[in-house]
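Scroll down for the structure; my scribbles are underneath it.
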Amino acid sequence: MSKIGFINFSPRGKKSTSFYLASQLNLSVDFMDSNDILADQAFDHLDQYDTLILGSPLYVDSIPSKGLMFLESYEEYLNINPQSKNLYGIVCCGFPESHQTRIALEILSHFAQTVGFPWQGGFGVGSGEFIGQSQAIPITSKLKGPLKEKIDTFSHAVLKKENYDIQFCDSFMPRWFFIASGTTHWYSMIKSNGLKRTALKNTPLI
Amino acid sequence: MITIISDTYLEGFDDKNFFYVEKALKSCTGCFSCWTKSPGLCIFKDTFNKKIINSDKLVIISKNTYGTYSSKIKSVIDKSIPLVLPTFKVINNETHHRKRYNQYPNIHSLVYDSINEDMIKTYKAMVEAHGINLHADKVQVDAVNKSDLKQALTMIIGGHNV
């Protein structure tokens with residue numbers, strides 16, 4: 001019986017798109033936060049899993065620093081306690097082009113290579129903020145592109161411990177619409193915080 | 001002016017705008033305050049953003065950590081997002097954040113302890129992408145041995161920062 005653990009690198013924890021996506025997998029998964037494991041140095045807790053899924057947002061074209069801290073410390077633990085696990089990844093980015101997650105998925109594959117885990121692939125999701133904030137819209141909605149299909153095929157691969165390669169999933173949303181609605185969102189946030197619209201473009205550091 | 005951030009201490013550069021990131025900064029929490037509550041400023045005061053944006057060149061010295069910056073360097077970079085706007089622009093047929101400032105530094109990274117060529121390739125792609133997002137006109141990456149960092153940095157600095 002396969003035991004699967006999901007480790008979330010998002011600073012937003014259970015409110016994150018990474019967590020939401022993992023919760024949609026058709027798998028029995030134990031959910032963990034990398035910060036908790038790191039804070040308690042509880043890496044031995046991970047020994048029980050034969051498959052790990054790392055979930056991460058894209059932060060400046062890479063994994064967030066808290067995720068990297070986890071990987072660096074976990075590598076140290078594995079150097080002393082060598083073992084093997086199937087490693088998969090899910091990376092979501094705020095931009096609509098899911099292929100912008102490719103580098104972050106490669107980074108996870110290099111971690112796997114470094115510690116001797118079989119890298120089994122993963123998938124990158126675009127428009128992450130939209131996906132995370134629109135949970136009322138069914139995942140099967142055309143607006144969310146092939147997300148449901150990717151989640152199903154990914155779940156199947158994890159369950160069978162098969163290689164998933166690297167796949168990408170864009171929402172079915174024109175880029176101009178993403179940019180226009182994003183711009184409206186950010187200006188409304190500024191106003192709701194009691195600031196003038198022009199404050200969005202402040203340049204306080206020069 | 002050249003600003004240097006490094007995850008390893010290099011002797012002889014203390015008076016040359018060299019910042020040794022001995023310990024990772026408190027991680028970015030993804031709160032977006034820097035875009036919507038105090039535009040342009042992180043709510044934490046430990047950023048390097050003022051130094052970065054007022055530089056002509058940003059030199060990043062990092063261990064190659066699975067094809068990206070080390071967590072210490074990444075903690076600095078993650079907190080640089082207030083240097084750009086939350087709104088979007090299409091660059092090279094990809095969506096990116098718009099400029100907040102008129103000028104941004106070029107990026108030159110010295111990467112050491114690379115395990116293999118694949119990790120160097122990923123690191124270079126990552127810095128290129130970082131350069132696009134930070135609106136750098138030029139990006140350069142040199143993979144070097146750790147023992148050669150001082151010599152490589154001296155060549156980059158040249159007559160600057162003296």
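Simple scheme: letters A, B, ... for chains in structure tokens order, numbers from 1 for residues in each chain, numbers from 1 for ligands in the order shown.
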**Asked** Which neighbours of segment 116-131 of chain B fall inside 10 Å, counting only C-alpha atoms, when residues of the same chain fewer than 2 positions from it are skipped, and could you give them as a PyMOL selection string?
**Response** (chain A and resi 59-62+100+102-104+106-107+109-111) or (chain B and resi 60+64-69+77+104-109+111-114+133-143)
Counting only C-alpha atoms, which residues of chain A sit at most 7 Å from some atom of chain B, and what is each one's closest atom pair with its distance in Å to one decimal, listed by chain and rising residue number, as JSON lines?
{"residue": "A:Pro11", "atom": "CA", "partner": "B:Thr29", "partner_atom": "CA", "distance": 5.2}
{"residue": "A:Arg12", "atom": "CA", "partner": "B:Gly30", "partner_atom": "CA", "distance": 6.9}
{"residue": "A:Tyr59", "atom": "CA", "partner": "B:Asp78", "partner_atom": "CA", "distance": 6.4}
{"residue": "A:Val60", "atom": "CA", "partner": "B:His130", "partner_atom": "CA", "distance": 6.2}
{"residue": "A:Asp61", "atom": "CA", "partner": "B:Met126", "partner_atom": "CA", "distance": 6.2}
{"residue": "A:Ser62", "atom": "CA", "partner": "B:Thr68", "partner_atom": "CA", "distance": 6.9}
{"residue": "A:Pro64", "atom": "CA", "partner": "B:Asp78", "partner_atom": "CA", "distance": 6.9}
{"residue": "A:Ser65", "atom": "CA", "partner": "B:Ser71", "partner_atom": "CA", "distance": 4.8}
{"residue": "A:Lys66", "atom": "CA", "partner": "B:Ser27", "partner_atom": "CA", "distance": 6.2}
{"residue": "A:Leu68", "atom": "CA", "partner": "B:Ser71", "partner_atom": "CA", "distance": 5.2}
{"residue": "A:Met69", "atom": "CA", "partner": "B:Ser71", "partner_atom": "CA", "distance": 5.4}
{"residue": "A:Phe95", "atom": "CA", "partner": "B:Thr95", "partner_atom": "CA", "distance": 6.0}
{"residue": "A:Glu97", "atom": "CA", "partner": "B:Glu94", "partner_atom": "CA", "distance": 6.8}
{"residue": "A:Ile103", "atom": "CA", "partner": "B:Met126", "partner_atom": "CA", "distance": 6.4}
{"residue": "A:Ile107", "atom": "CA", "partner": "B:Tyr66", "partner_atom": "CA", "distance": 5.3}
{"residue": "A:His110", "atom": "CA", "partner": "B:Tyr66", "partner_atom": "CA", "distance": 4.9}
{"residue": "A:Phe111", "atom": "CA", "partner": "B:Tyr66", "partner_atom": "CA", "distance": 5.3}
{"residue": "A:Ile179", "atom": "CA", "partner": "B:Phe88", "partner_atom": "CA", "distance": 6.0}
{"residue": "A:Gly182", "atom": "CA", "partner": "B:Thr87", "partner_atom": "CA", "distance": 6.8}
{"residue": "A:Thr183", "atom": "CA", "partner": "B:Thr87", "partner_atom": "CA", "distance": 5.4}
{"residue": "A:Trp186", "atom": "CA", "partner": "B:Pro86", "partner_atom": "CA", "distance": 6.8}
{"residue": "A:Met189", "atom": "CA", "partner": "B:Thr36", "partner_atom": "CA", "distance": 6.0}
{"residue": "A:Ile190", "atom": "CA", "partner": "B:Thr36", "partner_atom": "CA", "distance": 4.9}
{"residue": "A:Asn193", "atom": "CA", "partner": "B:Lys37", "partner_atom": "CA", "distance": 6.1}
{"residue": "A:Ala199", "atom": "CA", "partner": "B:Pro39", "partner_atom": "CA", "distance": 6.6}
{"residue": "A:Leu200", "atom": "CA", "partner": "B:Pro39", "partner_atom": "CA", "distance": 5.7}
{"residue": "A:Lys201", "atom": "CA", "partner": "B:Arg100", "partner_atom": "CA", "distance": 6.1}
{"residue": "A:Asn202", "atom": "CA", "partner": "B:Pro39", "partner_atom": "CA", "distance": 5.9}
{"residue": "A:Thr203", "atom": "CA", "partner": "B:Gly40", "partner_atom": "CA", "distance": 6.2}
{"residue": "A:Pro204", "atom": "CA", "partner": "B:Gly40", "partner_atom": "CA", "distance": 6.2}
{"residue": "A:Leu205", "atom": "CA", "partner": "B:Lys50", "partner_atom": "CA", "distance": 5.4}
{"residue": "A:Ile206", "atom": "CA", "partner": "B:Asn54", "partner_atom": "CA", "distance": 6.9}
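Here atom CA of Gly126 of chain A stands at a distance of 27.4 Å from atom CA of Thr114 of chain A.
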**Request:** Extract the full set of alpha helix (DSSP H) residues from segment 37-151 of chain B according to DSSP on the backbone, and format it as JSON, numbers by chain.
**Result:** {"B": [49, 50, 51, 52, 53, 71, 72, 73, 74, 75, 76, 77, 78, 117, 118, 119, 120, 121, 122, 123, 124, 125, 126, 127, 128, 129, 130, 131, 132, 133, 149, 150, 151]}
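Between atom CA of Phe178 of chain A and atom CA of Pro146 of chain A there is a distance of 17.4 Å.
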**Prompt:** What's the 12 Å shell around Gly116 of chain A, counting only C-alpha atoms, without same-chain residues fewer than 6 positions away, as number ranges by chain?
**Reply:** A: 75, 78-79, 81-87, 109-110
Export of prior selection with N, CA, C and O atoms as a CSV table (one decimal), in the first residue's frame:
chain,number,residue,atom,x,y,z
A,75,GLU,N,17.9,17.5,2.6
A,75,GLU,CA,19.1,16.9,2.0
A,75,GLU,C,20.1,16.5,3.1
A,75,GLU,O,20.7,15.4,3.0
A,78,LEU,N,18.9,13.5,4.8
A,78,LEU,CA,19.0,12.3,3.9
A,78,LEU,C,20.4,11.8,3.7
A,78,LEU,O,20.7,10.6,3.5
A,79,ASN,N,21.4,12.7,3.9
A,79,ASN,CA,22.8,12.3,3.8
A,79,ASN,C,23.1,11.3,4.9
A,79,ASN,O,24.0,10.4,4.8
A,81,ASN,N,20.6,9.7,6.7
A,81,ASN,CA,19.6,8.7,6.7
A,81,ASN,C,19.1,8.4,5.3
A,81,ASN,O,18.0,8.7,4.9
A,82,PRO,N,20.0,7.8,4.4
A,82,PRO,CA,19.7,7.6,3.0
A,82,PRO,C,18.5,6.7,2.8
A,82,PRO,O,18.3,5.7,3.6
A,83,GLN,N,17.6,7.0,1.9
A,83,GLN,CA,16.4,6.3,1.5
A,83,GLN,C,16.0,6.7,0.2
A,83,GLN,O,16.6,7.6,-0.4
A,84,SER,N,15.0,6.0,-0.3
A,84,SER,CA,14.5,6.4,-1.7
A,84,SER,C,12.9,6.6,-1.6
A,84,SER,O,12.2,5.8,-0.9
A,85,LYS,N,12.5,7.5,-2.3
A,85,LYS,CA,11.0,7.8,-2.5
A,85,LYS,C,10.8,8.3,-3.9
A,85,LYS,O,11.6,9.0,-4.5
A,86,ASN,N,9.6,8.1,-4.3
A,86,ASN,CA,9.1,8.7,-5.6
A,86,ASN,C,8.8,10.1,-5.3
A,86,ASN,O,8.1,10.5,-4.4
A,87,LEU,N,9.4,11.0,-6.2
A,87,LEU,CA,9.1,12.4,-5.9
A,87,LEU,C,8.4,13.0,-7.1
A,87,LEU,O,8.8,12.9,-8.3
A,109,SER,N,13.4,18.6,-9.8
A,109,SER,CA,14.0,17.4,-10.3
A,109,SER,C,15.5,17.3,-9.9
A,109,SER,O,16.0,16.2,-9.7
A,110,HIS,N,16.2,18.5,-9.9
A,110,HIS,CA,17.6,18.5,-9.4
A,110,HIS,C,17.7,18.1,-8.0
A,110,HIS,O,18.7,17.5,-7.6
**Between atom CA of Phe168 of chain A and atom CA of Pro118 of chain A, distance in Å (one decimal)** = 20.4 Å
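Those residues that approach segment 135-145 of chain A to within 9 Å, counting only C-alpha atoms, are Tyr20, Gln24, Cys169, Asp170, Ser171, Phe172 and Met173 of chain A; same-chain residues fewer than 6 positions away are not listed.
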May I have the selected residues written with C-alpha atoms, as a CSV table (one decimal), in the first residue's frame?
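So the final result, stored in out.csv, reads:
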chain,number,residue,atom,x,y,z
A,20,TYR,CA,-6.2,23.6,-3.1
A,24,GLN,CA,-8.3,18.0,-5.5
A,169,CYS,CA,-2.1,23.5,-17.7
A,170,ASP,CA,-3.3,27.0,-18.8
A,171,SER,CA,-6.7,28.3,-17.9
A,172,PHE,CA,-9.0,29.0,-20.8
A,173,MET,CA,-8.8,32.7,-20.3
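Counting only C-alpha atoms, the residue from A:Glu162, A:Asp40, A:Glu149, A:Asp33 that sits nearest to Leu54 of chain A is A:Asp33.
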